[in-house]
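Below is one structure, written out as structure tokens, with a few remarks after it.
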Amino acid sequence: MKAAPVWQRKDTLWLAVWIGGLTVLGLWDVAFLNRPALLRLASASWNTAIIGCAVVVCAFVFGWSSALALHALDHAGRRWGYFVVTFFLNLIRSVPQVVGILLGYVVLTLLIREEMVGSQTTQLMAIALVISIFVFLEVTDLILERIRYFRKLDFFDAMLVSGVRESRIINLDILLRNSRAHLVHKAIQLFGSSVFLLCSVDFIVSVGLSTDVSLANFPPTLGGLLATMDSKQDILAISTVLTDPLSAPRLLLEHLQGISTAFTIVFTLLCVFRMSSAFVARRRLE
Amino acid sequence: MHRGRTIHIASGERTLVAIDGFAVAPQQITILFGESGIGKSLIAKALYGILDPEELTVTIDGMSYEQYRSLPETQQLQAESFFVFQEPSTHLNPLMTLHEQLNEGSLAAAPHEAEILRRLWSASLEEEVSALLRLYPKPYRPSGGEKQRMLLAMAFKKMDAIIEAGKGKNSFFVFDEPSGSLDNTYRDVFLEMLFDRYRTAPMTIVLITHDYSTIGTIYEHHADLLPRMIFKELRLDGELRLHTFAPKDYLRWLDQLRPLAHASREAALTIEPEVHVHGRLLRITRDPQGREPCTMAVPYGGLVYLKAASGVGKTTLVKTITGLVRPQRMRARVAGQELDERTPIHVWRKHLWGKMMTLVFQHADEAFNLESSVRGVFAGLPIWRKRPAPSLDRILSDLMSEATVLSFLDKKVKQLSGGQKQRLNLVRGMCLDTTLLILDEPLNGLDFESAGKVIQMVQRKQEQGKAILLISHNEDIFDRIVPKDDIYYLHAVTSA
């Protein structure tokens with residue numbers, strides 16, 4: 001069948017809507033938001049996006065490695081090794097993601113205080129690492145499921161008896177050639193969930209769970225920006241529109257920091273969710 | 001129907017079939033050969049009017065498919081007809097029992113059901129057939145062979161009903177690979193039942209197959225019908241063409257086949273006669289009746305033929321030898337390497353696979369990563385570690401023309417025809433240069449020309465001193481190139 005044109009692919013369309021929406025918002029902010037707030041918003045948005053992407057990369061590295069290790073231990077008959085790795089992975093699985101990331105933030109704070117994690121780039125990567133530890137099992141499960149499915153097919157055995165190395169069959173033939181769509185879908189999902197987790201945890205931290213863990217120690221992110229006093233007041237200003245509808249235009253001119261932050265988070269999560277669902281439907285991954 | 005049709009079938013922008021002058025002779029038996037995946041089934045389905053216009057773009061003689069299907073002659077053709085599909089599972093309704101389907105619509109009043117079933121199974125299995133009729137079809141039960149015989153039973157009931165109503169003249173029957181899941185005994189029963197009915201009332205019959213050994217059976221048992229038979233072959237020579245096939249060419253080719261004498265009696269593979277696997281006891285014997293268990297030895301330079309009825313476990317046995325299936329008990333020796341049920345898998349991986357032994361799988365469709373390119377199929381093979389490394393073009397040219405090789409090196413495997421995949425499957429196995437080569441149904445889906453080339457390649461391997469173990473239902477061919485001493489039989493004795 002002929003591939004549908006780009007504008008008929010809903011996932012691509014949602015990607016365009018996301019990029020377009022954020023561009024329009026950016027232009028609006030450049031025109032109407034004061035410069036210090038604009039810089040804060042830009043920095044928070046970039047940091048959030050960088051962490052989201054880094055989480056995807058780290059989760060794939062951890063997930064891919066752990067899945068291959070489990071598969072190798074299982075098929076080499078090393079029951080103890082398999083048991084130990086599975087136990088360790090299940091231990092991570094048993095920790096609620098938000099709780100795990102909060103604990104990670106505690107460790108990070110200590111490292112920052114000891115100046116072991118200094119530059120902002122290192123801090124961003126460290127945050128991504130913490131989040132990826134609590135999401136990479138989704139990649140592990142997906143890869144193991146794909147390997148398990150394809151192992152049952154004759155082509156796996158046919159390649160083995162032809163002398164093709166098992167690592168090549170798994171990495172190239174099963175994962176890259178036959179599971180690319182599944183992996184891309186998982187990457188979209190992970191990006192969405194990492195943005196959600198980051199914003200949630202940053203917001204929780206900002207309301208003051210601990211005197212040790214403070215957002216002042218961390219690079220600005222959208223979650224942290226949303227939790228500042230200015231942003232909270234901007235959000236509260238929305239309620240005035242209910243009693244005074246004529247004040248709505250003022251929201252878009254005078255309360256831009258909080259509204260832009262909230263919009264960026266919600267709009268990003270919505271678009272990523274839509275992209276993910278449309279990708280599943282188009283590539284028939286259900 | 002006898003008028004040549006111009007048929008074009010496309011999926012999106014990809015042309016699947018384009019052929020001019022495709023004709024079926026009325027009230028004759030057209031036997032249509034051609035390698036698997038070349039388009040035989042699609043053409044027959046297009047003519048019959050059962051392709052899905054939502055999925056495919058079909059034009060016949062310049063008409064849209066809707067127009068063609070609304071022609072009175074197409075509708076008449078569908079009224080007194082039956083189409084036996086190649087893949088029986090697609091024909092059977094999973095929500096109805098086989099008995100209900102065997103008596104659905106016009107089949108309900110058709111005569112001779114019991115007799116048809118008795119012949120297609122065997123009288124001694126009558127109880128089993130009754131139990132089978134109560135089943136709802138599932139992917140794994142009834143078996144492929146049972147489903148196929150059930151479809152043939154429906155076709156024969158329909159034929160009998162038409163014969164009784166005296167409407168044979170206008171009827172049209174298509175049998176698409178009707179013996180694909182049957183062994184030679186049942187294939188011959190099917191041909192006998194079909195031709196007996198044709199003798200009673202000549203109908204228009206199209207028999208699509210790539211089993212050229214059907215010719216031998218026809219010449220031996222049904223030669224009286226030869227004047228009423230037309231042999232055709234679909235070939236892709238740049239474009240798809242329908243050629244007249246001379247069955248005597250095939251018979252002459254068969255006559256000149258001879259076994260090669262092998263100098264060595266030293267065995268590359270020996271396997272003790274009893275193998276317990278999957279809870280079954282498989283026994284290798286010298287005689288078809290299974291009375292003389294014996295160790296099977298495949299000598300260097302030898303070609304050994306292992307025979308058994310469908311479903312006995314031939315493929316399971318060779319998968320056990322190749323380490324892909326773990327047996328409960330087995331004793332074998334491959335190129336000096338002792339193998340048994342306790343041998344760890346890394347022995348096969350390190351010493352045997354791709355070096356000392358390989359297996360060419362039965363179904364080429366399932367033996368490849370369909371998302372890989374043809375070049376990618378060869379990329380990970382151990383042949384590239386040899387110096388000097390062989391040329392891929394030269395490897396492929398053994399079974400493909402130069403033009404074909406150039407045009408399809410970068411194609412994805414899923415875009416190849418069934419026959420091309422099977423040739424690729426064989427080339428991959430043979431280029432490895434292993435001491436022991438196991439071939440599981442190597443002629444599956446091949447046309448006559450390719451089958452001839454495969455036999456030459458097999459004999460060349462023998463001359464190079466390679467040991468070959470073979471499984472095939474093409475007894476016509478392999479009985480001629482395998483010495484009688486090198487034929488073994490496999491039996492499933494009892495539950496282990």
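Simple scheme: letters A, B, ... for chains in structure tokens order, numbers from 1 for residues in each chain, numbers from 1 for ligands in the order shown.
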Chain A near chain B within 7 Å: what's each residue's closest atom pair and its distance in Å to one decimal, counting only C-alpha atoms, ordered by chain then ascending residue number, as CSV?
```
residue,atom,partner,partner_atom,distance
A:Met1,CA,B:Gly12,CA,4.4
A:Lys2,CA,B:Gly12,CA,5.0
A:Asp154,CA,B:Ala367,CA,5.4
A:Phe155,CA,B:Ala367,CA,4.1
A:Asp157,CA,B:Leu324,CA,6.8
A:Ala158,CA,B:Ala367,CA,5.6
A:Leu160,CA,B:Trp353,CA,6.8
A:Val161,CA,B:Trp353,CA,4.6
A:Ser162,CA,B:Gly354,CA,4.4
A:Gly163,CA,B:Gly354,CA,3.9
A:Val164,CA,B:Gly380,CA,5.2
A:Asp173,CA,B:Asn369,CA,6.7
A:Arg177,CA,B:Glu371,CA,6.0
A:Asn178,CA,B:Glu371,CA,6.6
```
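Every protein or nucleic acid residue with an atom no more than 6 Å from segment 415-420 of chain B, counting only C-alpha atoms and leaving out same-chain residues fewer than 3 positions away, appears here: Glu35, Ser36, Gly37, Ile38, Lys412, Arg423, Gly445 and Leu446 of chain B.
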Checklist entry - With only C-alpha atoms as the basis for distance, which of A:Ile19, A:Ile265, A:Leu256, A:Ile235 is at the shortest distance from Leu38 of chain A? => result A:Leu256
Next on the checklist: Show me, as a ChimeraX atom specification, the residues that have an atom within 10 Å of segment 278-288 of chain B when counting only C-alpha atoms, minus same-chain residues fewer than 5 positions from it.
Outcome noted: /B:271-273,293-296,306-308,312-314,316-317,325-329,484-496
Item to check | Selection: 12 Å around Asp255 of chain B, only C-alpha atoms, excl. self and same-chain fewer than 3 positions, as a list in words | outcome: Gly216, Lys248, Asp249, Tyr250, Leu251, Arg252, Arg258, Pro259, Asp476, Ile477, Phe478, Asp479, Arg480 and Ile481 of chain B
Same residues, N, CA and C atoms, saved as a short mmCIF file (atom, residue, chain, number, x, y, z; two decimals), in the first residue's frame:
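Result written to again.cif:
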```
data_model
loop_
_atom_site.label_atom_id
_atom_site.label_comp_id
_atom_site.auth_asym_id
_atom_site.auth_seq_id
_atom_site.Cartn_x
_atom_site.Cartn_y
_atom_site.Cartn_z
N GLY B 216 3.91 -37.46 -13.34
CA GLY B 216 4.18 -38.89 -13.35
C GLY B 216 2.93 -39.69 -13.02
N LYS B 248 6.27 -34.12 -21.22
CA LYS B 248 7.25 -35.16 -21.58
C LYS B 248 8.68 -34.68 -21.32
N ASP B 249 8.89 -33.36 -21.37
CA ASP B 249 10.23 -32.82 -21.03
C ASP B 249 10.59 -33.20 -19.60
N TYR B 250 9.58 -33.07 -18.74
CA TYR B 250 9.80 -33.41 -17.33
C TYR B 250 10.11 -34.90 -17.19
N LEU B 251 9.32 -35.73 -17.90
CA LEU B 251 9.52 -37.18 -17.79
C LEU B 251 10.89 -37.59 -18.36
N ARG B 252 11.29 -36.92 -19.45
CA ARG B 252 12.62 -37.22 -20.04
C ARG B 252 13.73 -36.82 -19.07
N ARG B 258 20.51 -39.81 -12.45
CA ARG B 258 21.23 -40.99 -11.96
C ARG B 258 21.88 -40.66 -10.62
N PRO B 259 21.98 -41.65 -9.75
CA PRO B 259 22.71 -41.38 -8.49
C PRO B 259 24.22 -41.30 -8.74
N ASP B 476 9.46 -38.99 -6.76
CA ASP B 476 9.71 -39.20 -8.19
C ASP B 476 11.13 -38.83 -8.56
N ILE B 477 11.56 -37.70 -8.00
CA ILE B 477 12.87 -37.16 -8.38
C ILE B 477 13.97 -37.80 -7.54
N PHE B 478 13.79 -37.80 -6.23
CA PHE B 478 14.92 -38.20 -5.38
C PHE B 478 15.15 -39.70 -5.36
N ASP B 479 14.12 -40.48 -5.63
CA ASP B 479 14.33 -41.92 -5.72
C ASP B 479 15.33 -42.25 -6.83
N ARG B 480 15.44 -41.34 -7.80
CA ARG B 480 16.35 -41.61 -8.93
C ARG B 480 17.78 -41.19 -8.66
N ILE B 481 17.98 -40.26 -7.73
CA ILE B 481 19.37 -39.82 -7.52
C ILE B 481 19.94 -40.31 -6.17
#
```
Item to check | Spatial neighbours of segment 270-282 of chain A, max dist 7 Å, only C-alpha atoms, sep filter under 6 positions, as a PyMOL selection string | outcome: chain A and resi 10-11+14-15+18+185+188-189+192
Next on the checklist: List as a count of residues only the protein and nucleic acid residues near Leu469 of chain B, meaning an atom at most 8 Å away when only C-alpha atoms are counted, but skip any in the same chain fewer than 2 places from it.
Outcome noted: 11
Non-local contacts of segment 109-122 of chain A (10 Å; only C-alpha atoms; under 2 positions in same chain excluded) as a PDB file with N, CA and C atoms, in the first residue's frame:
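Written file, part_28.pdb:
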```
ATOM      1  N   ASN A  47      16.028  23.172  29.579  1.00  0.00           N
ATOM      2  CA  ASN A  47      16.503  22.162  30.530  1.00  0.00           C
ATOM      3  C   ASN A  47      15.559  20.970  30.587  1.00  0.00           C
ATOM      4  N   ILE A  50      15.998  18.957  27.436  1.00  0.00           N
ATOM      5  CA  ILE A  50      17.286  18.226  27.443  1.00  0.00           C
ATOM      6  C   ILE A  50      17.204  17.030  28.390  1.00  0.00           C
ATOM      7  N   ILE A  51      16.627  17.249  29.569  1.00  0.00           N
ATOM      8  CA  ILE A  51      16.495  16.123  30.511  1.00  0.00           C
ATOM      9  C   ILE A  51      15.616  15.030  29.901  1.00  0.00           C
ATOM     10  N   LEU A 103      14.133  10.202  46.197  1.00  0.00           N
ATOM     11  CA  LEU A 103      15.325   9.688  46.891  1.00  0.00           C
ATOM     12  C   LEU A 103      16.589  10.027  46.093  1.00  0.00           C
ATOM     13  N   GLY A 104      16.459   9.910  44.786  1.00  0.00           N
ATOM     14  CA  GLY A 104      17.583  10.261  43.911  1.00  0.00           C
ATOM     15  C   GLY A 104      17.955  11.722  44.062  1.00  0.00           C
ATOM     16  N   TYR A 105      16.947  12.578  44.222  1.00  0.00           N
ATOM     17  CA  TYR A 105      17.201  14.019  44.400  1.00  0.00           C
ATOM     18  C   TYR A 105      17.980  14.266  45.707  1.00  0.00           C
ATOM     19  N   VAL A 106      17.651  13.474  46.737  1.00  0.00           N
ATOM     20  CA  VAL A 106      18.368  13.626  48.018  1.00  0.00           C
ATOM     21  C   VAL A 106      19.857  13.361  47.791  1.00  0.00           C
ATOM     22  N   VAL A 107      20.132  12.237  47.093  1.00  0.00           N
ATOM     23  CA  VAL A 107      21.529  11.881  46.808  1.00  0.00           C
ATOM     24  C   VAL A 107      22.187  12.974  45.972  1.00  0.00           C
ATOM     25  N   LEU A 124      22.192  18.407  34.940  1.00  0.00           N
ATOM     26  CA  LEU A 124      21.069  17.968  34.079  1.00  0.00           C
ATOM     27  C   LEU A 124      21.188  16.473  33.783  1.00  0.00           C
ATOM     28  N   MET A 125      22.410  16.050  33.461  1.00  0.00           N
ATOM     29  CA  MET A 125      22.619  14.630  33.137  1.00  0.00           C
ATOM     30  C   MET A 125      22.362  13.750  34.372  1.00  0.00           C
ATOM     31  N   ALA A 126      22.754  14.276  35.533  1.00  0.00           N
ATOM     32  CA  ALA A 126      22.532  13.503  36.764  1.00  0.00           C
ATOM     33  C   ALA A 126      21.037  13.349  37.033  1.00  0.00           C
ATOM     34  N   ILE A 127      20.267  14.425  36.807  1.00  0.00           N
ATOM     35  CA  ILE A 127      18.799  14.321  36.990  1.00  0.00           C
ATOM     36  C   ILE A 127      18.231  13.294  36.008  1.00  0.00           C
ATOM     37  N   ALA A 128      18.702  13.359  34.755  1.00  0.00           N
ATOM     38  CA  ALA A 128      18.219  12.416  33.731  1.00  0.00           C
ATOM     39  C   ALA A 128      18.540  10.975  34.139  1.00  0.00           C
ATOM     40  N   ASP A 212      16.819  19.945  53.090  1.00  0.00           N
ATOM     41  CA  ASP A 212      18.048  19.623  52.358  1.00  0.00           C
ATOM     42  C   ASP A 212      17.852  19.697  50.859  1.00  0.00           C
ATOM     43  N   VAL A 213      16.690  19.129  50.435  1.00  0.00           N
ATOM     44  CA  VAL A 213      16.426  19.098  48.999  1.00  0.00           C
ATOM     45  C   VAL A 213      15.676  20.361  48.618  1.00  0.00           C
ATOM     46  N   SER A 214      16.350  21.233  47.930  1.00  0.00           N
ATOM     47  CA  SER A 214      15.712  22.488  47.545  1.00  0.00           C
ATOM     48  C   SER A 214      15.994  22.744  46.079  1.00  0.00           C
ATOM     49  N   LEU A 215      14.993  23.288  45.406  1.00  0.00           N
ATOM     50  CA  LEU A 215      15.172  23.549  43.978  1.00  0.00           C
ATOM     51  C   LEU A 215      16.245  24.593  43.723  1.00  0.00           C
ATOM     52  N   ASN A 217      19.092  24.329  44.573  1.00  0.00           N
ATOM     53  CA  ASN A 217      20.332  23.613  44.255  1.00  0.00           C
ATOM     54  C   ASN A 217      20.358  23.097  42.815  1.00  0.00           C
ATOM     55  N   PHE A 218      19.199  23.078  42.162  1.00  0.00           N
ATOM     56  CA  PHE A 218      19.068  22.406  40.873  1.00  0.00           C
ATOM     57  C   PHE A 218      18.899  23.389  39.725  1.00  0.00           C
ATOM     58  N   PRO A 219      19.233  22.965  38.510  1.00  0.00           N
ATOM     59  CA  PRO A 219      19.001  23.834  37.354  1.00  0.00           C
ATOM     60  C   PRO A 219      17.495  24.072  37.192  1.00  0.00           C
ATOM     61  N   PRO A 220      17.076  25.246  36.680  1.00  0.00           N
ATOM     62  CA  PRO A 220      15.632  25.512  36.554  1.00  0.00           C
ATOM     63  C   PRO A 220      14.967  24.574  35.541  1.00  0.00           C
TER      64      PRO A 220
END
```
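For the atom pair formed by atom CA of Phe88 of chain A and atom CA of Arg146 of chain A, the distance is 21.6 Å, given to one decimal.
You will find atom CA of Met63 of chain B at 10.1 Å from atom CA of His8 of chain B.
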